[in-house]
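Just data_5.txt here, compact mmCIF, C-alpha atoms:
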```txt
# COMPACT_ATOMS: atom_id res chain seq x y z
CA MET A 1 2.37 2.55 17.84
CA LYS A 2 2.28 0.44 14.67
CA HIS A 3 4.78 0.86 11.89
CA ILE A 4 2.96 -0.03 8.70
CA GLN A 5 2.78 0.82 5.01
CA VAL A 6 -0.27 2.49 3.52
CA ASN A 7 -0.23 2.57 -0.27
CA SER A 8 3.52 1.91 -0.05
CA GLU A 9 4.09 4.96 2.19
CA LYS A 10 5.59 4.36 5.64
CA VAL A 11 3.07 5.31 8.32
CA THR A 12 3.11 5.23 12.10
CA ALA A 13 -0.37 4.75 13.51
CA LYS A 14 -1.96 4.04 16.87
CA SER A 15 -5.11 2.27 15.66
CA GLU A 16 -5.58 -1.38 16.55
CA ARG A 17 -8.25 -2.09 13.94
CA LEU A 18 -8.50 -1.34 10.23
CA SER A 19 -11.75 0.57 10.66
CA ASP A 20 -10.11 2.87 13.20
CA LEU A 21 -7.00 3.23 11.07
CA LEU A 22 -9.05 4.60 8.16
CA ILE A 23 -10.54 7.24 10.44
CA GLU A 24 -7.11 8.04 11.90
CA LEU A 25 -5.70 8.52 8.39
CA GLY A 26 -8.56 10.77 7.24
CA TYR A 27 -10.58 8.34 5.10
CA ALA A 28 -13.64 8.43 7.34
CA ASP A 29 -16.11 9.66 4.74
CA ALA A 30 -14.34 8.44 1.61
CA VAL A 31 -15.63 5.75 -0.73
CA VAL A 32 -12.68 3.37 -0.67
CA ALA A 33 -11.86 -0.32 -0.81
CA THR A 34 -9.23 -1.89 1.39
CA ALA A 35 -6.77 -4.75 1.34
CA VAL A 36 -4.34 -5.92 4.00
CA ASN A 37 -1.22 -7.78 2.94
CA GLY A 38 -2.73 -8.39 -0.47
CA ASP A 39 -6.07 -9.72 0.74
CA PHE A 40 -9.33 -7.86 0.23
CA VAL A 41 -11.07 -6.74 3.42
CA THR A 42 -14.75 -5.91 3.07
CA GLN A 43 -16.15 -2.78 4.60
CA GLY A 44 -18.13 -4.89 7.03
CA ASN A 45 -15.06 -6.77 8.20
CA ARG A 46 -12.74 -3.82 8.78
CA ALA A 47 -13.58 -3.62 12.48
CA ASN A 48 -12.43 -7.24 12.90
CA ILE A 49 -9.05 -6.82 11.27
CA GLN A 50 -6.16 -6.30 13.69
CA ILE A 51 -3.38 -4.01 12.52
CA ASN A 52 0.08 -5.41 13.12
CA ASP A 53 3.56 -4.03 12.70
CA GLY A 54 4.74 -4.39 9.13
CA ASP A 55 1.26 -4.70 7.61
CA ARG A 56 0.83 -3.49 4.04
CA ILE A 57 -2.46 -1.66 3.67
CA GLU A 58 -3.99 -0.69 0.34
CA VAL A 59 -6.65 1.99 0.21
CA LEU A 60 -8.16 2.36 -3.26
CA ALA A 61 -10.61 4.94 -4.53
CA PRO A 62 -12.63 5.33 -7.76
CA MET A 63 -10.51 6.56 -10.63
CA GLN A 64 -10.67 7.11 -14.37
CA GLY A 65 -10.29 3.97 -16.45
CA GLY A 66 -10.51 2.67 -19.97
CA MET B 1 -18.91 -15.33 -47.61
CA MET B 2 -20.00 -15.18 -43.99
CA LYS B 3 -22.88 -12.86 -44.58
CA ASN B 4 -25.34 -15.26 -43.04
CA SER B 5 -23.32 -15.33 -39.85
CA PHE B 6 -23.95 -11.62 -39.28
CA ASN B 7 -26.22 -11.04 -36.39
CA ASP B 8 -28.84 -8.39 -36.52
CA SER B 9 -27.07 -6.16 -34.05
CA SER B 10 -29.87 -3.64 -34.25
CA ALA B 11 -31.69 -6.00 -31.92
CA LYS B 12 -30.49 -5.11 -28.46
CA ARG B 13 -28.19 -7.73 -27.03
CA ASP B 14 -28.43 -8.92 -23.49
CA PHE B 15 -25.33 -8.13 -21.42
CA TYR B 16 -25.90 -10.25 -18.33
CA GLY B 17 -29.58 -9.34 -18.32
CA VAL B 18 -29.07 -5.71 -19.29
CA GLN B 19 -30.16 -4.40 -22.67
CA LEU B 20 -28.09 -1.37 -23.52
CA GLU B 21 -29.70 1.67 -25.08
CA THR B 22 -26.72 2.11 -27.38
CA PRO B 23 -23.88 -0.30 -28.23
CA PHE B 24 -21.28 2.21 -27.14
CA MET B 25 -19.03 1.72 -24.12
CA LEU B 26 -16.74 4.67 -23.41
CA GLY B 27 -13.73 4.97 -21.15
CA THR B 28 -13.28 7.78 -18.65
CA ALA B 29 -9.49 8.21 -18.69
CA GLN B 30 -7.21 10.88 -20.10
CA TYR B 31 -9.72 13.66 -20.75
CA PRO B 32 -8.45 17.22 -20.52
CA SER B 33 -10.92 17.99 -17.73
CA PRO B 34 -13.94 16.53 -15.92
CA ALA B 35 -16.18 18.98 -17.78
CA ILE B 36 -14.93 17.74 -21.15
CA LEU B 37 -15.41 14.14 -20.01
CA ALA B 38 -19.02 14.92 -19.14
CA LYS B 39 -19.58 16.70 -22.46
CA ALA B 40 -18.07 13.79 -24.38
CA PHE B 41 -20.39 11.34 -22.66
CA GLU B 42 -23.35 13.57 -23.42
CA GLN B 43 -22.46 13.67 -27.11
CA SER B 44 -21.59 9.97 -27.31
CA LYS B 45 -24.87 8.75 -25.86
CA ALA B 46 -22.74 5.91 -24.52
CA SER B 47 -24.56 3.40 -22.33
CA VAL B 48 -21.56 2.24 -20.33
CA ALA B 49 -18.64 4.02 -18.65
CA THR B 50 -15.51 2.11 -17.73
CA VAL B 51 -13.84 3.05 -14.46
CA SER B 52 -10.96 1.88 -12.32
CA LEU B 53 -9.55 1.84 -8.80
CA ARG B 54 -6.32 3.51 -7.77
CA ARG B 55 -4.51 4.54 -4.64
CA GLU B 56 -5.62 7.84 -3.18
CA ALA B 57 -4.05 9.85 -0.39
CA SER B 58 -6.47 10.71 2.38
CA GLY B 59 -6.34 14.43 1.70
CA ASP B 60 -6.91 14.01 -2.01
CA LYS B 61 -10.56 14.09 -2.98
CA ALA B 62 -10.07 13.47 -6.72
CA GLY B 63 -11.42 9.95 -6.59
CA GLN B 64 -14.47 10.98 -4.62
CA ASP B 65 -15.19 13.88 -6.99
CA PHE B 66 -14.72 11.59 -9.98
CA TRP B 67 -17.18 9.06 -8.61
CA ARG B 68 -19.81 11.75 -8.07
CA LEU B 69 -19.34 12.88 -11.68
CA ILE B 70 -19.76 9.34 -13.02
CA GLN B 71 -22.91 8.81 -11.00
CA GLN B 72 -24.40 11.89 -12.65
CA LEU B 73 -23.82 10.50 -16.17
CA ASN B 74 -26.72 8.06 -15.85
CA VAL B 75 -24.82 5.19 -17.48
CA HIS B 76 -23.96 1.65 -16.49
CA VAL B 77 -20.59 1.42 -14.77
CA LEU B 78 -18.07 -1.21 -15.84
CA PRO B 79 -15.06 -1.34 -13.49
CA ASN B 80 -11.84 -2.74 -14.87
CA THR B 81 -8.82 -4.56 -13.49
CA ALA B 82 -6.42 -2.55 -15.64
CA GLY B 83 -2.77 -2.91 -14.74
CA CYS B 84 -3.16 -6.33 -13.15
CA HIS B 85 -0.58 -8.89 -14.23
CA THR B 86 -1.51 -11.86 -12.05
CA VAL B 87 -4.67 -13.80 -11.33
CA LYS B 88 -4.52 -12.86 -7.66
CA GLU B 89 -4.15 -9.15 -8.40
CA ALA B 90 -7.05 -9.23 -10.83
CA VAL B 91 -9.34 -11.23 -8.55
CA THR B 92 -8.58 -9.04 -5.53
CA THR B 93 -9.08 -5.86 -7.56
CA ALA B 94 -12.40 -7.20 -8.86
CA HIS B 95 -13.61 -7.78 -5.30
CA MET B 96 -12.58 -4.27 -4.30
CA ALA B 97 -14.30 -2.82 -7.35
CA ARG B 98 -17.52 -4.69 -6.65
CA GLU B 99 -17.70 -3.17 -3.20
CA VAL B 100 -16.85 0.39 -4.27
CA PHE B 101 -18.93 0.58 -7.44
CA GLY B 102 -21.80 -1.62 -6.33
CA THR B 103 -21.86 -3.79 -9.45
CA SER B 104 -20.98 -7.39 -10.26
CA TRP B 105 -19.85 -6.37 -13.72
CA ILE B 106 -16.09 -6.52 -14.15
CA LYS B 107 -13.98 -5.82 -17.20
CA LEU B 108 -11.35 -8.43 -16.55
CA GLU B 109 -7.85 -7.57 -17.69
CA VAL B 110 -4.84 -9.76 -16.93
CA ILE B 111 -1.97 -8.26 -18.83
CA GLY B 112 0.72 -10.60 -20.09
CA GLU B 113 3.04 -8.49 -22.20
CA GLU B 114 4.11 -4.91 -21.66
CA ASP B 115 4.77 -3.66 -25.19
CA THR B 116 1.41 -4.69 -26.59
CA LEU B 117 -0.55 -4.98 -23.34
CA GLN B 118 -1.65 -8.30 -24.76
CA PRO B 119 -3.79 -10.28 -22.34
CA ASP B 120 -2.31 -13.25 -20.50
CA VAL B 121 -5.05 -15.52 -21.77
CA PHE B 122 -4.07 -18.37 -19.43
CA GLY B 123 -4.39 -16.16 -16.37
CA LEU B 124 -7.49 -14.58 -17.87
CA VAL B 125 -9.32 -17.90 -18.12
CA GLU B 126 -8.36 -18.84 -14.57
CA ALA B 127 -9.41 -15.47 -13.15
CA ALA B 128 -12.65 -15.57 -15.14
CA ARG B 129 -13.52 -18.96 -13.68
CA ILE B 130 -12.79 -17.84 -10.11
CA LEU B 131 -14.79 -14.66 -10.47
CA SER B 132 -17.72 -16.26 -12.30
CA GLU B 133 -18.02 -18.86 -9.56
CA ASP B 134 -18.06 -16.01 -7.07
CA GLY B 135 -21.02 -14.31 -8.74
CA PHE B 136 -19.21 -11.81 -10.91
CA GLN B 137 -20.44 -11.03 -14.40
CA VAL B 138 -17.21 -11.05 -16.31
CA PHE B 139 -16.40 -9.02 -19.43
CA PRO B 140 -13.02 -10.54 -20.37
CA TYR B 141 -10.56 -8.46 -22.37
CA THR B 142 -9.20 -11.12 -24.67
CA THR B 143 -7.76 -11.78 -28.10
CA GLU B 144 -9.71 -13.13 -31.05
CA ASP B 145 -8.38 -16.66 -30.35
CA LEU B 146 -11.26 -19.11 -30.75
CA VAL B 147 -9.93 -21.67 -28.30
CA VAL B 148 -9.42 -19.06 -25.59
CA ALA B 149 -12.91 -17.74 -26.28
CA ASP B 150 -14.32 -21.22 -25.84
CA ARG B 151 -12.47 -21.62 -22.53
CA LEU B 152 -13.79 -18.26 -21.33
CA VAL B 153 -17.35 -19.26 -22.16
CA ASN B 154 -16.84 -22.56 -20.35
CA ALA B 155 -15.47 -20.57 -17.39
CA GLY B 156 -18.77 -18.72 -17.17
CA CYS B 157 -18.31 -15.64 -19.35
CA ARG B 158 -21.46 -14.60 -21.21
CA VAL B 159 -19.77 -11.68 -22.95
CA LEU B 160 -16.46 -11.66 -24.84
CA MET B 161 -14.37 -8.57 -25.50
CA PRO B 162 -11.79 -9.25 -28.22
CA TRP B 163 -9.23 -6.56 -28.89
CA GLY B 164 -9.25 -4.68 -32.16
CA ALA B 165 -5.59 -3.74 -31.73
CA PRO B 166 -3.27 -3.01 -28.77
CA ILE B 167 -4.73 -0.66 -26.17
CA GLY B 168 -4.28 2.99 -27.05
CA SER B 169 -2.72 2.25 -30.44
CA GLY B 170 -5.54 3.55 -32.64
CA MET B 171 -4.66 0.99 -35.29
CA GLY B 172 -8.20 -0.22 -35.80
CA LEU B 173 -9.13 -3.82 -36.50
CA ASN B 174 -5.87 -5.76 -36.87
CA ASN B 175 -7.42 -9.14 -37.57
CA ILE B 176 -10.68 -8.87 -39.42
CA PHE B 177 -10.69 -12.55 -40.31
CA GLY B 178 -10.22 -13.46 -36.64
CA LEU B 179 -13.09 -11.23 -35.53
CA ARG B 180 -15.34 -12.56 -38.29
CA ALA B 181 -14.51 -16.12 -37.26
CA LEU B 182 -15.22 -15.29 -33.63
CA ARG B 183 -18.60 -13.90 -34.63
CA ALA B 184 -19.39 -17.00 -36.65
CA HIS B 185 -18.34 -19.40 -33.88
CA PHE B 186 -20.18 -17.63 -31.09
CA PRO B 187 -23.41 -16.37 -32.64
CA ASP B 188 -25.19 -16.20 -29.28
CA ILE B 189 -22.49 -14.58 -27.16
CA PRO B 190 -22.42 -10.77 -27.10
CA LEU B 191 -19.13 -9.59 -28.59
CA VAL B 192 -17.58 -6.22 -27.83
CA VAL B 193 -14.54 -4.97 -29.71
CA ASP B 194 -12.45 -3.48 -26.95
CA ALA B 195 -9.31 -1.45 -27.53
CA GLY B 196 -7.29 -0.26 -30.48
CA LEU B 197 -9.89 1.80 -32.30
CA GLY B 198 -8.70 5.19 -33.48
CA LEU B 199 -11.29 6.36 -35.98
CA PRO B 200 -15.08 6.25 -36.22
CA SER B 201 -14.86 4.33 -39.51
CA GLN B 202 -13.16 1.51 -37.59
CA ALA B 203 -16.04 1.40 -35.13
CA ALA B 204 -18.48 1.25 -38.03
CA GLN B 205 -16.45 -1.61 -39.48
CA ALA B 206 -16.61 -3.49 -36.17
CA MET B 207 -20.38 -3.15 -36.11
CA GLU B 208 -20.59 -4.21 -39.76
CA LEU B 209 -18.75 -7.40 -38.76
CA GLY B 210 -21.67 -8.14 -36.48
CA MET B 211 -20.15 -7.04 -33.18
CA ASP B 212 -22.68 -6.15 -30.52
CA ALA B 213 -20.86 -3.12 -29.15
CA VAL B 214 -17.57 -1.29 -29.15
CA LEU B 215 -15.52 -0.06 -26.23
CA LEU B 216 -12.98 2.72 -26.65
CA ASN B 217 -11.34 5.50 -24.72
CA THR B 218 -8.20 7.08 -26.13
CA ALA B 219 -9.65 7.83 -29.58
CA VAL B 220 -12.14 10.16 -27.91
CA SER B 221 -10.24 11.46 -24.91
CA LYS B 222 -7.09 12.30 -26.88
CA ALA B 223 -8.89 13.89 -29.83
CA GLY B 224 -8.51 17.62 -30.23
CA ASP B 225 -12.23 17.96 -29.54
CA PRO B 226 -13.30 14.93 -27.47
CA ALA B 227 -16.99 15.82 -27.48
CA MET B 228 -17.11 16.16 -31.26
CA MET B 229 -15.19 12.90 -31.68
CA ALA B 230 -17.59 11.19 -29.29
CA GLU B 231 -20.46 12.29 -31.48
CA ALA B 232 -18.61 11.09 -34.59
CA PHE B 233 -18.15 7.65 -33.03
CA ALA B 234 -21.80 7.55 -32.01
CA ASN B 235 -22.86 8.26 -35.59
CA ALA B 236 -20.43 5.68 -36.98
CA ILE B 237 -21.57 3.01 -34.58
CA ARG B 238 -25.16 3.74 -35.53
CA ALA B 239 -24.23 3.58 -39.22
CA GLY B 240 -22.60 0.18 -38.79
CA GLN B 241 -25.58 -1.05 -36.81
CA LEU B 242 -28.01 0.09 -39.53
CA ALA B 243 -25.84 -1.44 -42.23
CA VAL B 244 -26.13 -4.89 -40.67
CA LYS B 245 -29.87 -4.47 -40.22
CA ALA B 246 -30.16 -3.42 -43.86
CA ASP B 247 -28.71 -6.79 -44.97
CA PRO B 248 -25.65 -5.79 -47.03
CA MET B 249 -25.04 -7.05 -50.52
CA VAL B 250 -22.63 -9.92 -51.07
CA PRO B 251 -19.32 -8.71 -52.57
CA ARG B 252 -18.23 -10.33 -55.83
CA ASP B 253 -15.05 -10.49 -57.82
CA MET B 254 -16.47 -9.48 -61.21
CA ALA B 255 -18.20 -6.30 -62.22
CA SER B 256 -21.95 -6.28 -62.54
CA PRO B 257 -23.57 -3.30 -64.28
CA SER B 258 -25.95 -1.40 -62.08
CA THR B 259 -27.60 0.35 -65.01
CA PRO B 260 -30.00 -1.96 -66.88
CA ILE B 261 -28.72 -3.27 -70.24
CA LEU B 262 -32.21 -3.96 -71.51
CA GLY B 263 -33.41 -1.13 -73.74
CA LYS B 264 -29.98 0.29 -74.38
CA ALA B 265 -29.75 1.98 -77.78
CA PHE B 266 -27.54 0.51 -80.49
CA LEU B 267 -25.50 3.49 -81.61
CA ASP B 268 -22.62 1.84 -83.50
```
Structure translated into structure tokens:
Amino acid sequence: MKHIQVNSEKVTAKSERLSDLLIELGYADAVVATAVNGDFVTQGNRANIQINDGDRIEVLAPMQGG
Amino acid sequence: MMKNSFNDSSAKRDFYGVQLETPFMLGTAQYPSPAILAKAFEQSKASVATVSLRREASGDKAGQDFWRLIQQLNVHVLPNTAGCHTVKEAVTTAHMAREVFGTSWIKLEVIGEEDTLQPDVFGLVEAARILSEDGFQVFPYTTEDLVVADRLVNAGCRVLMPWGAPIGSGMGLNNIFGLRALRAHFPDIPLVVDAGLGLPSQAAQAMELGMDAVLLNTAVSKAGDPAMMAEAFANAIRAGQLAVKADPMVPRDMASPSTPILGKAFLD
């Protein structure tokens, strides 16, 4: 199991890859953008990104803005 | 007078190859409800909607619902980097926004001071250069500073968005001379007054100064009747646009009688 942070919340997850992690966390069908440890990860590259203990994951969705 | 520096803003300006139907860019934040947001956009006839990216819990569908609503508005989408205080934050957010919203347009904000939300113009120029080189079409939220504007243009920006006043303040145009000078120095760069407008008359004034568009949010979303206020802004923006096209008179210090003197009776 991996002990990580997702949007600053502590999460324990079993996924090895970012693409699998999003499915595990319930974002499978959501329009979101992702970053790992402050670096943007494209949708196409999520399957290549290994999840490690202590990783900080950001999952961002469309929101109101001015 | 700088009358001759006024552009004919009734001619549609090119925003990175896009000619907007109306020179009105409207924010999507702080409306009482999604239905009122949609009604306000309908009444505003705005051509552009600004949007953002925020964290969303997996069970929360608000972001997904919001995005569906925006897609139904039939407007151009301008994502922002609101809340970013560093170049890295802003650049990373811009990349994330490009993927989610499917546009290279980015309203670039690098905030430098909390009380006024004044842009960090040094970080702004650096972020604008990085993003422009990476294919982004940058709409930089900046001040009216001419030197900063020049640096932004050199960094690749083909639109400038000077503030009218601090974000959300509703103070109107704080530096009319500065905006007029900006217009005169950059006659070929589309200028958008972004932030600080509170009343439709201030939007009309911005257009009368020769601005190519206005961007606002709070003045509409926080009005008692956002849809009605959106319509009021639309009419004011149109009025300012027409005023420039109509070639305004040159103000003068002394009175000049409008009624002809010739033929006046001598009644003493």
_Show me, as a list in words, every residue of chain A with an atom at most 8 Å from chain B, counting all atoms listed in the file._
Asn7, Leu25, Gly26, Tyr27, Ala30, Val31, Val32, Ala33, Thr34, Gly38, Asp39, Phe40, Thr42, Gln43, Glu58, Val59, Leu60, Ala61, Pro62, Met63, Gln64, Gly65 and Gly66 of chain A
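Atom to atom, CA of Met171 in chain B and CA of Asp145 in chain B stand 18.7 Å apart.
Going from CA of Val36 in chain A over to CA of Asn52 in chain A, you cover 10.1 Å.
Contact shell of range 11-20 of chain B at 8 Å (all atoms listed in the file; same-chain neighbours under 2 positions omitted): Asp8, Ser9, Thr22, Pro23, Ser47, Gln137, Arg158, Val159, Pro190 and Asp212 of chain B.
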_Taking (-6.8, -1.5, 19.1) as a centre in this file's frame and 8 Å as the limit, can you find every polymer residue with an atom that close, using all atoms listed in the file, and give them as a ChimeraX atom specification?_
/A:14-17,50-51
*Which value, in Å to one decimal, gives the distance between CA of Ile237 in chain B and CA of Phe41 in chain B?*
14.6 Å
*Looking at all atoms listed in the file, which of B:Glu114, B:Glu21, B:Asp188, B:Glu208 is the one that sits closest to Gly240 in chain B?*
B:Glu208
*Neighbour list for Met211 in chain B as a VMD selection string, cut-off 10 Å, only C-alpha atoms, skip fewer than 4 positions in-chain*: chain B and resid 6 to 9 23 161 to 162 179 to 180 182 to 183 187 189 to 193 203 to 207 240 to 241 244
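Residues lying within 6 Å of (2.2, 1.3, 1.7). Counted over all atoms listed in the file, they are Gln5, Val6, Asn7, Ser8, Glu9, Arg56 and Ile57 of chain A.
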